[in-house]
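Following: one structure in structure tokens, then a few remarks.
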Amino acid sequence: MRTLLSGSAVAVLAVVATAGAAAAPAAEPAESAGPASAADGTLSGDVTSLGTPLQDVLLIGGTVAPGPGGEPAALWSASSGVPAHLNAVDPATGTAIGRFDLPGAGGSWAVDAGPDGEVYVGTYGDAGLYRWTAANGVEALGNPVAGETFVWDVSVAPDGRVYGGTSPGGKLFGFDPATGAFRDYGRLSDTHSYVRSVAVHGDSVFAGTENPGAVFQVDRATGATVALPPPDGIDLSTAWAYDVDVVGDHLYVRFGSASPSPLFVWDITAGTWVDRIDAAHGLEPSPADDEGRVHLIAGGELVRYDPRDGSVAATGMPVTGRVANTRGIGWAELGLPDYPGRSIVGLLWRGLMFRYNPATGAHSFVQTTIEGEPIDITALSEGPDGRIYAGGFLNGGFAAIDPDTGEREEFHTFSQSEAMTQHAGRLYIGAYPEARVYAYDPALPWHSPEYSPSPDPGVADNPRRLFDFAADRQIRPRALASAGNHLAVGTMPDLGELGGVFALYDAGTGELVHAERNLVTDESIVALTYRDGVVYGSTSIYGGQSATPPTQPEATVFAWSVADRELLWELPAAPGKPSIGALTFDADGRLWGISGDQLFAIDVATAQVVERVSLGSSTSSSGDLVFNPVDGHLYATPGNRRLVGIDPATLASTILHTGTVSHLAAHSSGDVYLSSGHELLRYTPRCTTTVTGTHRGALVAGSGTLCLTDARVLGSVTVGAGAGLRVSGGSVTGSITVRGASPVEIVGTTIRGSVTIDDSPAPAPVVSGTTITGSLSCSGNAEPPTDDGVANEVRGSRTGQCATL
């Protein structure tokens, strides 16, 4: 609860000074000697939508097959979205010639075509198998295996039967289009949870798993399973059998990750590994040409591989950037002058199409017209330029939004963001996978060669990649915090691993000065904050892939000394909770944390929990938490189901918005930004303190927003920089002086004195329908004050920016 401190004749509204203040006395009769004002501790404000800051194309699975209108060839692909869509593109023009909803699905790695031109899609979000035919459009065939949540790959046999792999049960399934029946082949391995990739050859299905990468040969009729021997010269402990494909009588298996990895060739007839191609990109090689050769991307170039002699020939077509994986690759006749006969065609992740003609060597990239989809927000932060930055899920990219104008700048070619924070004049970004950390300078041009298939030569990287923790088997840099002279980093590990890395980066020297795994045994670091030479962190008992069983019973909060480079203490602050998702300090130096509906405060001097606030009864441990120094309140998203404001002094809470909400960022303006899926919302606090009735004496606001609602103020009103003023109705017997404050609204009020409004940041101050006995003076405001179309009566002079009001 925020109180008005009566003193003699002045009430000082300084948010940071009111923590621990007593509740306000009841309102006194009019014209009493004391403050007859209501100091209402209940927050109020407006939640407005800023729309969808990130929208782009993300293609993962694809194939080349006849088009939806009978075209000889089209590039088919699934684009992620809500819902996902199956798209068809004309390879000669890049024009989208088909777009079909996949109801309930979020996206797909798994697209393949059958012998009669039907297209099958296995999905995630809502695990399912879909079939498109020219006669019936898209049909939802159902979840192939009950309890499975993700279909990773599908492969259609020449007889039309479909095979696919799932997680988290590591199942192989079959589908018979003649009967509409699914077959569950069961779990291929007791130690694997993913069937990541599949391919059919004759009577067999080949299926690849997560690390340690293994390939199984499964008899289609009997289900009998045999593991292929591992190839020589590779450590499979950290490698997935990421891509499994059959072309002719050869099996191609890429062992590694989403990054370029070695591709091994298995002679199916001979039953032996016969070749290796280094630095191969996914997701598949092309069908064979007339001589049995296949095309694929390796070492940043489209190459041609001949399985007869193991030769690899360059094509002269560069395909650069981190994500140069084919999203469907095949052959098409383009009917273009430089592309006689058949050409290799394919898609890349952002909807970019590539094509190459073996006869002429002609090659090109063409941007297709596949529609972009909204991207869920995964990280929010104010940047060093005052804009709000939003990072995106899976599709990646991030956007900058001007808080005053709403103008958006969107950067498409970038990775999924796990965390963002500003430090030393830069925006630092934690990116998935490999727990990579980047620095972005908003004053310099955006340029990311790592994510562009055709980067501009000679332009400096921005964002600039600083370091990663791939060697430590980390994938998510979930926590970033400005820590004095350092950037503090906390990470989550890859599948099959537990224990995050805690690190310090010196931005001045460009050195990673400390990196330590398992600072808290077998726990990931998911939140960090800093105060007085100590970094405070919170953990999750899970790794970056929840399929890895935890070994610890509950999450902890810890303190770590920067000077001494040592752990000071650990505390299980949320008993029984597996994760403590966010930490922040209030103005009094108490450390607050959140786990689901449970909020707690720690006295860091004693390492003891001193407050607990229950915001509900959910068993969830998700939620975000920030402290807003402008109004002195905590803002939380308990269970990611609502926005709640909490007064840390009184522990009073107010529900400000209901619905799905997740990430939070407190802006220096006093606004709080939050994400709801792909939508960016802004909460603007209206009133930190509300005065009604009669108040005798002057009012001074040094922070927060002072609201006078039909109040009778017998004294002057002074509002300084960092505070705000809203006056509606009533009267002020004295002057109103505003310097550097925002927002400023004076509407329908009688002021028996002068009004001065200087140096206010945007938005424009409002003086509307108001009677002013004295003068009205305005100068230096970022935007000229406005009367919103309702004239004022000013009996004194009108000067400066208010000369026409």
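Chain labels A, B, ... are given in the sequence in which chains occur in the structure tokens; within each chain residues are numbered consecutively from 1, and ligands are likewise numbered from 1 in the order shown.
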Spatial neighbours of A:Gln801, 6 Å, only C-alpha atoms, chain gap at least 3 places, as a ChimeraX atom specification: /A:778-779,784
Now that the selection is made, can you save its residues with all heavy atoms as a short mmCIF file (atom, residue, chain, number, x, y, z; two decimals), in the first residue's frame?
data_model
loop_
_atom_site.label_atom_id
_atom_site.label_comp_id
_atom_site.auth_asym_id
_atom_site.auth_seq_id
_atom_site.Cartn_x
_atom_site.Cartn_y
_atom_site.Cartn_z
N CYS A 778 4.80 26.05 -21.10
CA CYS A 778 5.33 24.72 -21.45
C CYS A 778 6.57 24.89 -22.31
O CYS A 778 6.56 25.67 -23.28
CB CYS A 778 4.30 23.91 -22.24
SG CYS A 778 2.69 23.74 -21.43
N SER A 779 7.64 24.16 -21.98
CA SER A 779 8.86 24.25 -22.79
C SER A 779 9.68 22.97 -22.65
O SER A 779 9.62 22.29 -21.62
CB SER A 779 9.72 25.44 -22.37
OG SER A 779 10.20 25.27 -21.04
N PRO A 784 4.96 18.35 -28.24
CA PRO A 784 4.17 19.51 -27.78
C PRO A 784 2.91 19.05 -27.06
O PRO A 784 2.23 18.11 -27.51
CB PRO A 784 3.83 20.24 -29.08
CG PRO A 784 4.86 19.79 -30.06
CD PRO A 784 5.19 18.37 -29.69
#
Just want the 6 Å neighbourhood of stretch 711-716 of chain A, counted on only C-alpha atoms, with same-chain residues fewer than 2 positions away dropped. Output as a list in words. Thr692, Gly693, Thr694, His695, Arg696, Gly697, Ala698, Leu708, Thr709, Gly730, Ser731, Val732, Thr733, Gly734, Ser735 and Ile736 of chain A
Keeping all heavy atoms for every residue in the selection just given, could you write it to a file as an mmCIF file, in the first residue's frame?
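So the final result, stored in selection-v2.cif, reads:
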data_model
loop_
_atom_site.group_PDB
_atom_site.id
_atom_site.type_symbol
_atom_site.label_atom_id
_atom_site.label_comp_id
_atom_site.auth_asym_id
_atom_site.auth_seq_id
_atom_site.Cartn_x
_atom_site.Cartn_y
_atom_site.Cartn_z
ATOM 1 N N THR A 692 -8.236 11.302 -3.371
ATOM 2 C CA THR A 692 -9.627 11.709 -3.569
ATOM 3 C C THR A 692 -10.044 12.562 -2.373
ATOM 4 O O THR A 692 -9.305 12.674 -1.386
ATOM 5 C CB THR A 692 -10.551 10.489 -3.686
ATOM 6 O OG1 THR A 692 -10.458 9.722 -2.478
ATOM 7 C CG2 THR A 692 -10.175 9.628 -4.868
ATOM 8 N N GLY A 693 -11.201 13.158 -2.444
ATOM 9 C CA GLY A 693 -11.660 13.982 -1.329
ATOM 10 C C GLY A 693 -10.824 15.242 -1.197
ATOM 11 O O GLY A 693 -10.263 15.750 -2.172
ATOM 12 N N THR A 694 -10.691 15.731 0.019
ATOM 13 C CA THR A 694 -9.956 16.979 0.274
ATOM 14 C C THR A 694 -8.606 16.674 0.901
ATOM 15 O O THR A 694 -8.511 15.890 1.846
ATOM 16 C CB THR A 694 -10.751 17.899 1.209
ATOM 17 O OG1 THR A 694 -11.991 18.227 0.590
ATOM 18 C CG2 THR A 694 -9.984 19.178 1.506
ATOM 19 N N HIS A 695 -7.592 17.338 0.367
ATOM 20 C CA HIS A 695 -6.245 17.225 0.930
ATOM 21 C C HIS A 695 -5.725 18.616 1.204
ATOM 22 O O HIS A 695 -5.666 19.465 0.316
ATOM 23 C CB HIS A 695 -5.305 16.504 -0.033
ATOM 24 C CG HIS A 695 -3.888 16.496 0.463
ATOM 25 N ND1 HIS A 695 -3.454 15.603 1.410
ATOM 26 C CD2 HIS A 695 -2.829 17.306 0.180
ATOM 27 C CE1 HIS A 695 -2.180 15.849 1.684
ATOM 28 N NE2 HIS A 695 -1.779 16.872 0.954
ATOM 29 N N ARG A 696 -5.329 18.874 2.446
ATOM 30 C CA ARG A 696 -4.766 20.164 2.829
ATOM 31 C C ARG A 696 -3.250 20.083 2.785
ATOM 32 O O ARG A 696 -2.657 19.179 3.346
ATOM 33 C CB ARG A 696 -5.225 20.555 4.241
ATOM 34 C CG ARG A 696 -6.736 20.741 4.375
ATOM 35 C CD ARG A 696 -7.135 21.027 5.813
ATOM 36 N NE ARG A 696 -6.540 22.274 6.297
ATOM 37 C CZ ARG A 696 -7.108 23.473 6.149
ATOM 38 N NH1 ARG A 696 -8.279 23.577 5.542
ATOM 39 N NH2 ARG A 696 -6.514 24.554 6.626
ATOM 40 N N GLY A 697 -2.615 21.004 2.084
ATOM 41 C CA GLY A 697 -1.170 21.045 2.012
ATOM 42 C C GLY A 697 -0.668 20.672 0.624
ATOM 43 O O GLY A 697 -1.414 20.227 -0.246
ATOM 44 N N ALA A 698 0.615 20.864 0.451
ATOM 45 C CA ALA A 698 1.234 20.613 -0.852
ATOM 46 C C ALA A 698 1.434 19.108 -1.078
ATOM 47 O O ALA A 698 1.539 18.317 -0.141
ATOM 48 C CB ALA A 698 2.568 21.338 -0.938
ATOM 49 N N LEU A 708 -4.887 12.407 -9.049
ATOM 50 C CA LEU A 708 -5.862 13.215 -8.319
ATOM 51 C C LEU A 708 -7.206 13.009 -9.006
ATOM 52 O O LEU A 708 -7.417 13.472 -10.131
ATOM 53 C CB LEU A 708 -5.479 14.690 -8.342
ATOM 54 C CG LEU A 708 -4.028 15.029 -7.950
ATOM 55 C CD1 LEU A 708 -3.800 16.537 -8.013
ATOM 56 C CD2 LEU A 708 -3.701 14.500 -6.572
ATOM 57 N N THR A 709 -8.112 12.293 -8.353
ATOM 58 C CA THR A 709 -9.389 11.938 -8.959
ATOM 59 C C THR A 709 -10.511 12.641 -8.213
ATOM 60 O O THR A 709 -10.824 12.296 -7.063
ATOM 61 C CB THR A 709 -9.587 10.410 -8.920
ATOM 62 O OG1 THR A 709 -8.482 9.772 -9.572
ATOM 63 C CG2 THR A 709 -10.875 10.012 -9.625
ATOM 64 N N GLY A 730 -12.158 17.809 -10.132
ATOM 65 C CA GLY A 730 -11.734 18.423 -8.885
ATOM 66 C C GLY A 730 -11.046 19.756 -9.093
ATOM 67 O O GLY A 730 -11.175 20.401 -10.146
ATOM 68 N N SER A 731 -10.280 20.151 -8.096
ATOM 69 C CA SER A 731 -9.625 21.461 -8.137
ATOM 70 C C SER A 731 -8.317 21.430 -7.374
ATOM 71 O O SER A 731 -8.105 20.585 -6.498
ATOM 72 C CB SER A 731 -10.547 22.526 -7.540
ATOM 73 O OG SER A 731 -10.789 22.263 -6.160
ATOM 74 N N VAL A 732 -7.442 22.370 -7.731
ATOM 75 C CA VAL A 732 -6.169 22.563 -7.037
ATOM 76 C C VAL A 732 -6.072 24.050 -6.704
ATOM 77 O O VAL A 732 -6.109 24.908 -7.598
ATOM 78 C CB VAL A 732 -4.971 22.142 -7.903
ATOM 79 C CG1 VAL A 732 -3.660 22.464 -7.179
ATOM 80 C CG2 VAL A 732 -5.046 20.656 -8.230
ATOM 81 N N THR A 733 -5.993 24.350 -5.398
ATOM 82 C CA THR A 733 -5.829 25.740 -4.970
ATOM 83 C C THR A 733 -4.343 25.983 -4.803
ATOM 84 O O THR A 733 -3.779 25.829 -3.735
ATOM 85 C CB THR A 733 -6.581 25.995 -3.655
ATOM 86 O OG1 THR A 733 -7.958 25.663 -3.835
ATOM 87 C CG2 THR A 733 -6.483 27.466 -3.258
ATOM 88 N N GLY A 734 -3.693 26.342 -5.872
ATOM 89 C CA GLY A 734 -2.255 26.512 -5.903
ATOM 90 C C GLY A 734 -1.761 26.191 -7.296
ATOM 91 O O GLY A 734 -2.548 25.916 -8.217
ATOM 92 N N SER A 735 -0.475 26.191 -7.468
ATOM 93 C CA SER A 735 0.115 25.956 -8.784
ATOM 94 C C SER A 735 0.442 24.467 -8.982
ATOM 95 O O SER A 735 0.636 23.723 -8.018
ATOM 96 C CB SER A 735 1.394 26.776 -8.938
ATOM 97 O OG SER A 735 1.097 28.161 -8.888
ATOM 98 N N ILE A 736 0.515 24.061 -10.265
ATOM 99 C CA ILE A 736 0.998 22.732 -10.622
ATOM 100 C C ILE A 736 2.289 22.920 -11.411
ATOM 101 O O ILE A 736 2.314 23.606 -12.438
ATOM 102 C CB ILE A 736 -0.030 21.958 -11.465
ATOM 103 C CG1 ILE A 736 -1.279 21.654 -10.640
ATOM 104 C CG2 ILE A 736 0.581 20.663 -11.996
ATOM 105 C CD1 ILE A 736 -2.346 20.882 -11.398
#
At a cut-off of 10 Å, using only C-alpha atoms, what residues contact A:Ala92? Leave out same-chain residues fewer than 5 positions from it and give the result as a short mmCIF file (atom, residue, chain, number, x, y, z; two decimals) with N, CA and C atoms, in the first residue's frame.
data_model
loop_
_atom_site.label_atom_id
_atom_site.label_comp_id
_atom_site.auth_asym_id
_atom_site.auth_seq_id
_atom_site.Cartn_x
_atom_site.Cartn_y
_atom_site.Cartn_z
N ALA A 73 6.23 -31.05 -60.91
CA ALA A 73 7.03 -31.02 -59.68
C ALA A 73 6.73 -29.75 -58.90
N ALA A 74 6.68 -29.90 -57.61
CA ALA A 74 6.54 -28.77 -56.70
C ALA A 74 7.39 -29.03 -55.48
N ALA A 332 13.65 -31.16 -60.88
CA ALA A 332 12.51 -30.56 -61.56
C ALA A 332 12.97 -29.97 -62.89
N GLU A 333 12.08 -30.00 -63.87
CA GLU A 333 12.33 -29.30 -65.13
C GLU A 333 11.75 -27.90 -65.01
N LEU A 334 12.61 -26.88 -65.13
CA LEU A 334 12.22 -25.50 -64.87
C LEU A 334 11.78 -24.75 -66.12
N GLY A 335 12.23 -25.19 -67.30
CA GLY A 335 11.86 -24.49 -68.52
C GLY A 335 12.44 -23.10 -68.62
N LEU A 336 13.61 -22.89 -68.01
CA LEU A 336 14.29 -21.59 -68.03
C LEU A 336 15.52 -21.69 -68.91
N TYR A 339 18.62 -23.23 -67.49
CA TYR A 339 18.35 -24.45 -66.74
C TYR A 339 17.70 -25.49 -67.65
N VAL A 345 16.61 -28.77 -57.23
CA VAL A 345 15.88 -27.70 -56.56
C VAL A 345 15.71 -28.07 -55.09
N MET A 353 14.47 -20.49 -51.82
CA MET A 353 14.60 -21.63 -52.71
C MET A 353 15.95 -21.56 -53.42
N ARG A 355 18.41 -23.48 -56.63
CA ARG A 355 18.35 -24.36 -57.79
C ARG A 355 19.70 -24.39 -58.48
N VAL A 366 16.17 -17.94 -54.81
CA VAL A 366 14.94 -17.20 -55.09
C VAL A 366 14.09 -17.19 -53.82
#
Might you pull out every residue within 10 Å of stretch 126-143 of chain A, with only C-alpha atoms counted and same-chain residues fewer than 4 positions away left off, and present them as a compact mmCIF listing (two decimals) with N, CA, C and O atoms, in the first residue's frame?
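Saved result, part.txt, follows:
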# COMPACT_ATOMS: atom_id res chain seq x y z
N GLY A 67 2.73 -31.27 -58.07
CA GLY A 67 2.06 -30.16 -57.42
C GLY A 67 0.57 -30.36 -57.25
O GLY A 67 -0.03 -31.29 -57.80
N PRO A 68 -0.08 -29.46 -56.48
CA PRO A 68 -1.50 -29.62 -56.17
C PRO A 68 -2.42 -29.43 -57.37
O PRO A 68 -3.57 -29.88 -57.36
N GLY A 69 -1.92 -28.76 -58.41
CA GLY A 69 -2.73 -28.58 -59.62
C GLY A 69 -2.31 -29.49 -60.74
O GLY A 69 -2.63 -29.22 -61.91
N GLY A 70 -1.60 -30.55 -60.42
CA GLY A 70 -1.13 -31.47 -61.44
C GLY A 70 0.21 -31.10 -62.03
O GLY A 70 0.65 -31.72 -63.01
N PRO A 83 -2.33 -22.66 -36.89
CA PRO A 83 -1.70 -23.97 -37.03
C PRO A 83 -0.53 -23.93 -38.02
O PRO A 83 -0.31 -22.92 -38.70
N LEU A 86 0.91 -26.84 -44.71
CA LEU A 86 1.60 -27.55 -45.77
C LEU A 86 1.59 -26.64 -47.00
O LEU A 86 0.52 -26.20 -47.42
N PHE A 100 -2.14 -25.30 -47.14
CA PHE A 100 -3.18 -26.11 -46.53
C PHE A 100 -2.96 -26.16 -45.02
O PHE A 100 -1.85 -26.44 -44.55
N ASP A 101 -4.03 -25.91 -44.27
CA ASP A 101 -3.97 -25.98 -42.81
C ASP A 101 -3.67 -27.39 -42.34
O ASP A 101 -4.17 -28.37 -42.91
N LEU A 102 -2.87 -27.47 -41.25
CA LEU A 102 -2.65 -28.72 -40.52
C LEU A 102 -3.22 -28.51 -39.12
O LEU A 102 -2.50 -28.16 -38.18
N PRO A 103 -4.52 -28.66 -38.94
CA PRO A 103 -5.19 -28.27 -37.68
C PRO A 103 -4.58 -28.94 -36.45
O PRO A 103 -4.38 -30.15 -36.42
N GLY A 104 -4.26 -28.13 -35.45
CA GLY A 104 -3.71 -28.65 -34.20
C GLY A 104 -2.22 -28.83 -34.18
O GLY A 104 -1.63 -29.01 -33.12
N ALA A 105 -1.58 -28.79 -35.34
CA ALA A 105 -0.13 -29.01 -35.41
C ALA A 105 0.61 -27.69 -35.28
O ALA A 105 0.14 -26.65 -35.73
N GLY A 106 1.82 -27.76 -34.69
CA GLY A 106 2.66 -26.58 -34.56
C GLY A 106 3.74 -26.49 -35.62
O GLY A 106 4.28 -25.42 -35.88
N GLY A 107 4.06 -27.62 -36.24
CA GLY A 107 5.11 -27.64 -37.26
C GLY A 107 5.47 -29.07 -37.58
O GLY A 107 4.85 -30.03 -37.08
N SER A 108 6.49 -29.25 -38.42
CA SER A 108 6.83 -30.59 -38.85
C SER A 108 8.26 -30.69 -39.34
O SER A 108 8.73 -29.85 -40.12
N ALA A 110 8.77 -33.73 -40.65
CA ALA A 110 8.53 -34.99 -41.35
C ALA A 110 7.57 -34.80 -42.51
O ALA A 110 6.35 -34.72 -42.32
N VAL A 111 8.09 -34.72 -43.74
CA VAL A 111 7.26 -34.59 -44.94
C VAL A 111 7.81 -35.55 -45.99
O VAL A 111 9.02 -35.55 -46.28
N ASP A 112 6.95 -36.38 -46.55
CA ASP A 112 7.38 -37.28 -47.62
C ASP A 112 6.19 -37.53 -48.54
O ASP A 112 5.02 -37.35 -48.15
N ALA A 113 6.49 -37.94 -49.76
CA ALA A 113 5.45 -38.17 -50.77
C ALA A 113 5.36 -39.64 -51.11
O ALA A 113 6.35 -40.37 -51.09
N GLY A 114 4.12 -40.07 -51.42
CA GLY A 114 3.89 -41.44 -51.79
C GLY A 114 3.92 -41.65 -53.29
O GLY A 114 4.03 -40.71 -54.09
N ASP A 116 1.66 -42.33 -55.43
CA ASP A 116 0.54 -41.80 -56.20
C ASP A 116 0.39 -40.29 -56.04
O ASP A 116 -0.67 -39.73 -56.35
N GLY A 117 1.43 -39.61 -55.53
CA GLY A 117 1.40 -38.16 -55.40
C GLY A 117 0.82 -37.66 -54.10
O GLY A 117 0.77 -36.44 -53.88
N GLU A 118 0.39 -38.55 -53.21
CA GLU A 118 -0.09 -38.10 -51.91
C GLU A 118 1.10 -37.62 -51.07
O GLU A 118 2.21 -38.11 -51.23
N VAL A 119 0.86 -36.65 -50.18
CA VAL A 119 1.92 -36.10 -49.32
C VAL A 119 1.55 -36.39 -47.87
O VAL A 119 0.43 -36.06 -47.43
N TYR A 120 2.49 -36.96 -47.13
CA TYR A 120 2.28 -37.27 -45.72
C TYR A 120 3.11 -36.31 -44.86
O TYR A 120 4.25 -35.97 -45.22
N VAL A 121 2.54 -35.91 -43.73
CA VAL A 121 3.20 -34.99 -42.80
C VAL A 121 3.05 -35.53 -41.39
O VAL A 121 1.93 -35.80 -40.93
N GLY A 122 4.17 -35.71 -40.69
CA GLY A 122 4.15 -36.04 -39.28
C GLY A 122 4.49 -34.79 -38.48
O GLY A 122 5.41 -34.06 -38.84
N GLY A 147 0.17 -41.56 -26.47
CA GLY A 147 1.15 -41.10 -25.50
C GLY A 147 2.37 -40.44 -26.10
O GLY A 147 3.11 -39.76 -25.38
N GLU A 148 2.60 -40.62 -27.40
CA GLU A 148 3.73 -39.97 -28.04
C GLU A 148 3.33 -38.53 -28.43
O GLU A 148 2.19 -38.28 -28.85
N THR A 149 4.26 -37.61 -28.29
CA THR A 149 3.95 -36.20 -28.48
C THR A 149 4.61 -35.57 -29.70
O THR A 149 4.33 -34.43 -30.03
N PHE A 150 5.51 -36.31 -30.37
CA PHE A 150 6.29 -35.71 -31.45
C PHE A 150 6.56 -36.78 -32.51
O PHE A 150 7.09 -37.84 -32.20
N VAL A 151 6.17 -36.50 -33.73
CA VAL A 151 6.55 -37.35 -34.86
C VAL A 151 7.73 -36.69 -35.53
O VAL A 151 7.63 -35.60 -36.09
N TRP A 152 8.88 -37.35 -35.51
CA TRP A 152 10.13 -36.74 -35.97
C TRP A 152 10.38 -36.92 -37.46
O TRP A 152 10.99 -36.07 -38.10
N VAL A 154 8.98 -39.20 -41.26
CA VAL A 154 8.17 -40.20 -41.93
C VAL A 154 8.83 -40.57 -43.25
O VAL A 154 9.53 -39.75 -43.87
N VAL A 162 3.42 -46.21 -44.84
CA VAL A 162 4.14 -45.10 -44.23
C VAL A 162 4.77 -45.57 -42.92
O VAL A 162 4.14 -46.30 -42.14
N GLY A 164 7.24 -44.13 -39.47
CA GLY A 164 7.68 -42.92 -38.79
C GLY A 164 8.26 -43.19 -37.42
O GLY A 164 8.08 -44.29 -36.86
N THR A 166 9.01 -41.52 -33.32
CA THR A 166 8.41 -40.63 -32.34
C THR A 166 9.29 -40.43 -31.11
O THR A 166 10.31 -41.10 -30.93
N SER A 167 8.86 -39.52 -30.28
CA SER A 167 9.37 -39.34 -28.92
C SER A 167 8.17 -38.93 -28.06
O SER A 167 7.15 -38.49 -28.59
N PHE A 175 1.87 -47.22 -40.96
CA PHE A 175 0.50 -46.86 -41.31
C PHE A 175 0.17 -47.51 -42.65
O PHE A 175 0.92 -47.38 -43.62
N PRO A 177 -2.31 -47.34 -45.63
CA PRO A 177 -3.37 -46.50 -46.20
C PRO A 177 -4.57 -47.29 -46.71
O PRO A 177 -5.67 -46.74 -46.84
N GLY A 180 -6.24 -47.92 -43.12
CA GLY A 180 -6.27 -46.80 -42.18
C GLY A 180 -5.77 -47.16 -40.81
O GLY A 180 -5.96 -46.41 -39.85
N ALA A 181 -5.10 -48.32 -40.69
CA ALA A 181 -4.65 -48.81 -39.38
C ALA A 181 -3.19 -48.44 -39.13
O ALA A 181 -2.35 -48.49 -40.03
N PHE A 182 -2.91 -48.10 -37.87
CA PHE A 182 -1.54 -47.87 -37.42
C PHE A 182 -0.99 -49.15 -36.79
O PHE A 182 -1.74 -49.94 -36.21
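Here atom CA of A:Ser617 is placed at a distance of 12.3 Å from atom CA of A:Arg641.
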